[in-house]
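Q: Sharing a structure, written as structure tokens. Questions coming.
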Amino acid sequence: MIGRFFHVIGAKLLALAQTTGEMLQQLAQTFYYFKEAPRNLPSIFRQMKDIGNDTLPIAALMAFFVGMVLALQTGTQLAVYGTQNVIGAIVGLSMVKELGPVMTSILVAGRVGSAMAAEIGAMKVYEEIDALKTLEINPVRYLAMPRMIACLLAVPALTVFSIIIGILGGGFISSFTPRINVPLNVYFDNLILALDYTEIFKGLLKATVFGGIIAHVGCYVGFSTTGGARGIGRSTTRAVVMGFLLIMVANYFLTRMTL
């Protein structure tokens, strides 16, 4: 029993080390092929549309309600102590530093990361990637690099949009909820006093890193897909779970680094 236990643990550690090495190798290849970006602009713009433009409606709805809930929960508690006027600063900092980048990235990982894994996984299963290699087209350059650049650009832009909508949602609730009753001018005055370029930069840095994680995980899982249609389904789930996990881990370390 003890020998079997250590055998299972060792196998898991070896699999983790192999996965980490393969992901780092693919990441290095993806960055190497950034030099080919000018020749792949149509593909990059198409991916940016899929990631950013097609996600805008649901991102706006999510951010608006997140901002409203944040203002409602925080404002009612602050009103007990008569300090509800600072609600604009609290909503603004929360959306810029944490909720905006994290919630938007999770949304993109669930919607776009899974689609990347499914699309590339289907190409792998049906031997389309082998056909690309036969034509001397590097799959990382052709498939992973445009998606990585698109995510690095689109996710921060989508995050800025979500932050603005979330702040507007918080202002709407703050001014029209009787228990809070903070005028919009007071709300935005406190918001402006609390925010500076450093805080905005920290939020956009997180969004950029999260965008890279989403694209890299989706492409890596897609390239490693095996097992037909069932394997594509497993890869889709794996991409979402791995993306969520790495976003949360990266969020912790980025927060520690930027305190």
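Ligands are numbered from 1 in the order shown, residues from 1 within each chain, and chains are lettered A, B, ... in the order they appear in the structure tokens.
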Considering only C-alpha atoms, give me a table of residues in region 125-172 of chain A that are at most 10 Å from region 27-44 of chain A, with the closest atom pair and distance in Å for each, as a tab-separated table.
A:
residue	atom	partner	partner_atom	distance
A:Asn138	CA	A:Tyr33	CA	9.7
A:Pro139	CA	A:Thr30	CA	10.0
A:Val140	CA	A:Thr30	CA	6.2
A:Arg141	CA	A:Tyr33	CA	5.7
A:Tyr142	CA	A:Asn40	CA	8.2
A:Leu143	CA	A:Ser43	CA	9.0
A:Ala144	CA	A:Thr30	CA	6.5
A:Met145	CA	A:Thr30	CA	5.2
A:Pro146	CA	A:Ile44	CA	4.7
A:Arg147	CA	A:Ile44	CA	6.6
A:Met148	CA	A:Thr30	CA	7.7
A:Ile149	CA	A:Ile44	CA	6.9
A:Ala150	CA	A:Ile44	CA	5.6
A:Cys151	CA	A:Ile44	CA	9.2
A:Leu153	CA	A:Ile44	CA	9.8
Q: Using C-alpha atoms, can you write the selected residues to a file as a PDB file, in the first residue's frame?
A:
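Wrote it out as again.pdb, contents follow:
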ATOM      1  CA  ASN A 138       4.246  26.011 -37.820  1.00  0.00           C
ATOM      2  CA  PRO A 139       1.031  25.453 -35.787  1.00  0.00           C
ATOM      3  CA  VAL A 140       2.223  27.694 -32.936  1.00  0.00           C
ATOM      4  CA  ARG A 141       2.871  30.579 -35.324  1.00  0.00           C
ATOM      5  CA  TYR A 142      -0.354  30.022 -37.252  1.00  0.00           C
ATOM      6  CA  LEU A 143      -2.735  29.274 -34.352  1.00  0.00           C
ATOM      7  CA  ALA A 144      -1.278  30.263 -30.979  1.00  0.00           C
ATOM      8  CA  MET A 145       0.553  33.514 -31.742  1.00  0.00           C
ATOM      9  CA  PRO A 146      -2.462  35.449 -33.174  1.00  0.00           C
ATOM     10  CA  ARG A 147      -4.641  34.330 -30.261  1.00  0.00           C
ATOM     11  CA  MET A 148      -2.029  35.341 -27.710  1.00  0.00           C
ATOM     12  CA  ILE A 149      -1.584  38.833 -29.179  1.00  0.00           C
ATOM     13  CA  ALA A 150      -5.347  39.263 -29.514  1.00  0.00           C
ATOM     14  CA  CYS A 151      -5.892  38.340 -25.856  1.00  0.00           C
ATOM     15  CA  LEU A 153      -4.759  43.519 -26.405  1.00  0.00           C
TER      16      LEU A 153
END
Q: Would you mind listing what lies within 12 Å of Ala215 (chain A) as an NGL selection string, with only C-alpha atoms counted and same-chain residues fewer than 3 positions away left out?
A: :A and (23 or 26-27 or 30 or 47-48 or 51 or 105 or 108-117 or 120 or 140 or 143-155 or 208-212 or 218-222 or 239-240 or 242-243 or 246-247)
Q: Have a look at A:Leu16, A:Phe201, A:Ala250, A:Asn85 and name the one nearest to Ile214 (chain A); count only C-alpha atoms.
A: A:Ala250
Q: Which residues are close to Thr104 (chain A), i.e. within 10 Å by only C-alpha atoms, leaving aside same-chain residues fewer than 5 positions away? Reply as a ChimeraX atom specification.
A: /A:55,58-60,62-63,99,109-110,155-156,158-163,207,210-211
Q: Take the selection from the previous step and output its residues with N, CA and C atoms, as a PDB file, in the first residue's frame.
A:
ATOM      1  N   THR A  55     -17.889  39.822 -26.815  1.00  0.00           N
ATOM      2  CA  THR A  55     -18.064  39.638 -25.371  1.00  0.00           C
ATOM      3  C   THR A  55     -18.625  40.889 -24.701  1.00  0.00           C
ATOM      4  N   ILE A  58     -22.358  40.832 -22.740  1.00  0.00           N
ATOM      5  CA  ILE A  58     -22.425  40.093 -21.481  1.00  0.00           C
ATOM      6  C   ILE A  58     -21.475  40.693 -20.448  1.00  0.00           C
ATOM      7  N   ALA A  59     -20.329  41.250 -20.894  1.00  0.00           N
ATOM      8  CA  ALA A  59     -19.408  41.903 -19.965  1.00  0.00           C
ATOM      9  C   ALA A  59     -20.052  43.151 -19.366  1.00  0.00           C
ATOM     10  N   ALA A  60     -20.775  43.900 -20.200  1.00  0.00           N
ATOM     11  CA  ALA A  60     -21.452  45.095 -19.701  1.00  0.00           C
ATOM     12  C   ALA A  60     -22.516  44.741 -18.675  1.00  0.00           C
ATOM     13  N   MET A  62     -22.709  42.020 -16.813  1.00  0.00           N
ATOM     14  CA  MET A  62     -22.057  41.513 -15.610  1.00  0.00           C
ATOM     15  C   MET A  62     -21.471  42.655 -14.786  1.00  0.00           C
ATOM     16  N   ALA A  63     -20.734  43.555 -15.426  1.00  0.00           N
ATOM     17  CA  ALA A  63     -20.076  44.644 -14.701  1.00  0.00           C
ATOM     18  C   ALA A  63     -21.092  45.591 -14.066  1.00  0.00           C
ATOM     19  N   LEU A  99     -12.011  43.615  -8.988  1.00  0.00           N
ATOM     20  CA  LEU A  99     -13.199  43.026  -9.606  1.00  0.00           C
ATOM     21  C   LEU A  99     -13.194  43.159 -11.123  1.00  0.00           C
ATOM     22  N   ALA A 109     -12.272  33.696 -20.016  1.00  0.00           N
ATOM     23  CA  ALA A 109     -11.764  32.320 -19.945  1.00  0.00           C
ATOM     24  C   ALA A 109     -12.880  31.310 -20.176  1.00  0.00           C
ATOM     25  N   GLY A 110     -14.053  31.576 -19.596  1.00  0.00           N
ATOM     26  CA  GLY A 110     -15.166  30.649 -19.785  1.00  0.00           C
ATOM     27  C   GLY A 110     -15.731  30.685 -21.188  1.00  0.00           C
ATOM     28  N   VAL A 155      -8.267  41.789 -23.855  1.00  0.00           N
ATOM     29  CA  VAL A 155      -8.716  41.631 -22.462  1.00  0.00           C
ATOM     30  C   VAL A 155      -8.528  42.922 -21.661  1.00  0.00           C
ATOM     31  N   PRO A 156      -7.377  43.627 -21.745  1.00  0.00           N
ATOM     32  CA  PRO A 156      -7.298  44.918 -21.046  1.00  0.00           C
ATOM     33  C   PRO A 156      -8.326  45.942 -21.538  1.00  0.00           C
ATOM     34  N   LEU A 158     -11.265  45.276 -22.826  1.00  0.00           N
ATOM     35  CA  LEU A 158     -12.549  44.829 -22.301  1.00  0.00           C
ATOM     36  C   LEU A 158     -12.649  45.119 -20.802  1.00  0.00           C
ATOM     37  N   THR A 159     -11.540  45.025 -20.107  1.00  0.00           N
ATOM     38  CA  THR A 159     -11.522  45.329 -18.673  1.00  0.00           C
ATOM     39  C   THR A 159     -11.816  46.803 -18.417  1.00  0.00           C
ATOM     40  N   VAL A 160     -11.229  47.686 -19.211  1.00  0.00           N
ATOM     41  CA  VAL A 160     -11.509  49.124 -19.067  1.00  0.00           C
ATOM     42  C   VAL A 160     -13.001  49.390 -19.259  1.00  0.00           C
ATOM     43  N   PHE A 161     -13.576  48.769 -20.263  1.00  0.00           N
ATOM     44  CA  PHE A 161     -15.008  48.915 -20.509  1.00  0.00           C
ATOM     45  C   PHE A 161     -15.817  48.409 -19.315  1.00  0.00           C
ATOM     46  N   SER A 162     -15.453  47.266 -18.779  1.00  0.00           N
ATOM     47  CA  SER A 162     -16.173  46.702 -17.641  1.00  0.00           C
ATOM     48  C   SER A 162     -16.045  47.587 -16.405  1.00  0.00           C
ATOM     49  N   ILE A 163     -14.858  48.140 -16.187  1.00  0.00           N
ATOM     50  CA  ILE A 163     -14.650  49.021 -15.037  1.00  0.00           C
ATOM     51  C   ILE A 163     -15.554  50.238 -15.123  1.00  0.00           C
ATOM     52  N   ALA A 207      -4.945  42.577 -15.985  1.00  0.00           N
ATOM     53  CA  ALA A 207      -5.760  42.164 -17.129  1.00  0.00           C
ATOM     54  C   ALA A 207      -4.890  41.635 -18.263  1.00  0.00           C
ATOM     55  N   PHE A 210      -3.609  38.176 -17.267  1.00  0.00           N
ATOM     56  CA  PHE A 210      -4.714  37.214 -17.337  1.00  0.00           C
ATOM     57  C   PHE A 210      -5.063  36.883 -18.788  1.00  0.00           C
ATOM     58  N   GLY A 211      -5.007  37.888 -19.663  1.00  0.00           N
ATOM     59  CA  GLY A 211      -5.274  37.632 -21.078  1.00  0.00           C
ATOM     60  C   GLY A 211      -4.274  36.659 -21.667  1.00  0.00           C
TER      61      GLY A 211
END
Q: Excluding same-chain residues fewer than 4 positions from region 69-82 of chain A, what lies within 7 Å of it counting only C-alpha atoms, as a PyMOL selection string?
A: chain A and resi 65+87+91+170+173-174+179-180
Q: What's the 7 Å shell around Gly121 (chain A), counting only C-alpha atoms, without same-chain residues fewer than 2 positions away, as a list in words?
A: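 Returned residues: Ala117, Ala118, Glu119, Met123, Lys124, Val125, Gly222, Phe223, Thr225 and Ile232 of chain A.
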Q: Quick check for you: according to DSSP on this backbone, which residues of region 40-137 of chain A are classed as alpha helix (DSSP H)? Reply as a ChimeraX atom specification.
A: /A:41-51,56-80,87-94,100-108,114-125,128-134
Q: Which one is closest to Leu259 (chain A): A:Thr19, A:Thr83, A:Thr198, A:Thr236? Count only C-alpha atoms.
A: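 Of all the options, A:Thr198 lies closest to Leu259 (chain A).
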Q: Separation of CA of Leu93 (chain A) and CA of Tyr187 (chain A), in Å?
A: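 Distance reported for this atom pair: 12.6 Å.
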Q: Would you compute the distance between CA of Val102 (chain A) and CA of Lys49 (chain A)? Give it in Å to one decimal.
A: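 That distance, rounded to one decimal, is 20.4 Å.
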Q: Taking only C-alpha atoms into account, name the residue in A:Leu254, A:Ile106, A:Ala131, A:Ile2 that is nearest to Lys202 (chain A).
A: A:Leu254
Q: Would you give me, as a tab-separated table, each residue of region 80-174 of chain A having an atom within 6 Å of an atom of region 188-193 of chain A, along with its shortest atom pair and that distance in Å to one decimal, using only C-alpha atoms and sorting by chain and residue number?
A:
residue	atom	partner	partner_atom	distance
A:Gly88	CA	A:Leu191	CA	4.7
A:Ala89	CA	A:Leu191	CA	4.3
A:Gly92	CA	A:Leu191	CA	5.8
Q: One decimal, Å: what's the distance from CA of Val96 (chain A) over to CA of Gly203 (chain A), could you say?
A: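 So the two atoms, CA of Val96 (chain A) and CA of Gly203 (chain A), lie 5.4 Å apart.
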